[in-house]
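Asker: If you scroll down you'll find the structure; I have some questions about it.
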Amino acid sequence: MPWGRWMGALSLLLLMGCPGPQPTPPDPGKEDPIVQVVVPGAYGVPGGSQVYNPDRHQLSALECPDGTLIFRLMDPGERKVLGLYGIPSKLKVGDRISFQFRVTVNGYTLQSEEYSGVQVLKLTPDGIWLKKDDSTYFVLSR
């Protein structure tokens with residue numbers, strides 16, 4: 001084999017054997033600060049954040065026959081219920097989901113919002129962290 005062909009074949013073999021640039025894995029130290037929030041609630045929602053207070057609230061999580069979840073934070077003293085409805089029961093980190101957020105008092109709806117494109121940040125056996133943006137997010141207790 002002439003020298004030029006031999007060098008061409010060697011170059012081709014080297015190129016085929018060398019992988020291209022590898023993606024840089026995410027820096028584990030750059031975890032979204034929202035996942036550090038441990039108190040269940042709806043943060044940055046219109047009307048102000050609604051967060052769990054163990055002295056006055058009850059929490060519930062229900063799985064519906066249609067494969068969705070309902071999360072509620074109830075204040076029996078005020079007869080107030082904060083609810084997130086229609087959350088898919090099968091979630092993966094990174095999913096983008098939609099759900100209904102509603103606040104009722106004495107059975108009357110005071111606030112109702114449809115949230116879409118909300119990112120699933122973290123899942124544990126005890127909780128779900130959802131982020132609409134840096135100021136609006138949800139921490140749910142299972």
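By order of appearance in the structure tokens: chains A, B, ..., then residues from 1 within every chain, and ligands from 1 in the order shown.
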Compile the contact shell of segment 93-104 of chain A as a list in words: residues with an atom at most 7 Å away, counting only C-alpha atoms, same-chain residues fewer than 6 positions apart removed.

Answerer: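 Counting only C-alpha atoms, the residues come to Lys80, Val81, Leu82, Gly83, Leu84, Tyr85, Gly86, Ile87, Leu110, Gln111, Ser112, Glu113, Glu114, Tyr115, Ser116, Gly117, Val118, Gln119, Val120, Leu121, Lys122 and Leu123 of chain A.
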
Asker: Find the residues near Asp75 of chain A: any atom within 10 Å, counting only C-alpha atoms, skip ones fewer than 5 places away on the same chain, and give them as a list in words.

Answerer: Tyr52, Asn53, Asp55, Arg56, His57, Gln58, Leu59, Lys80, Val81, Leu82 and Val105 of chain A

Asker: Out of A:Gly44, A:Asn106, A:Glu31, A:Trp129, which residue has the shortest atom-to-atom distance to Gly77 of chain A when counting only C-alpha atoms?

Answerer: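 Of the candidates, the smallest distance to Gly77 of chain A is held by A:Asn106.
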
Asker: Calculated over only C-alpha atoms, which of the candidates A:Arg79, A:Val38, A:Val51, A:Pro88 has the smallest distance to Tyr108 of chain A?

Answerer: A:Arg79

Asker: From a DSSP calculation on the backbone, collect every residue of segment 28-133 of chain A in helix (DSSP H, G or I) and output the set as a PyMOL selection string.

Answerer: chain A and resi 28-30+33-36
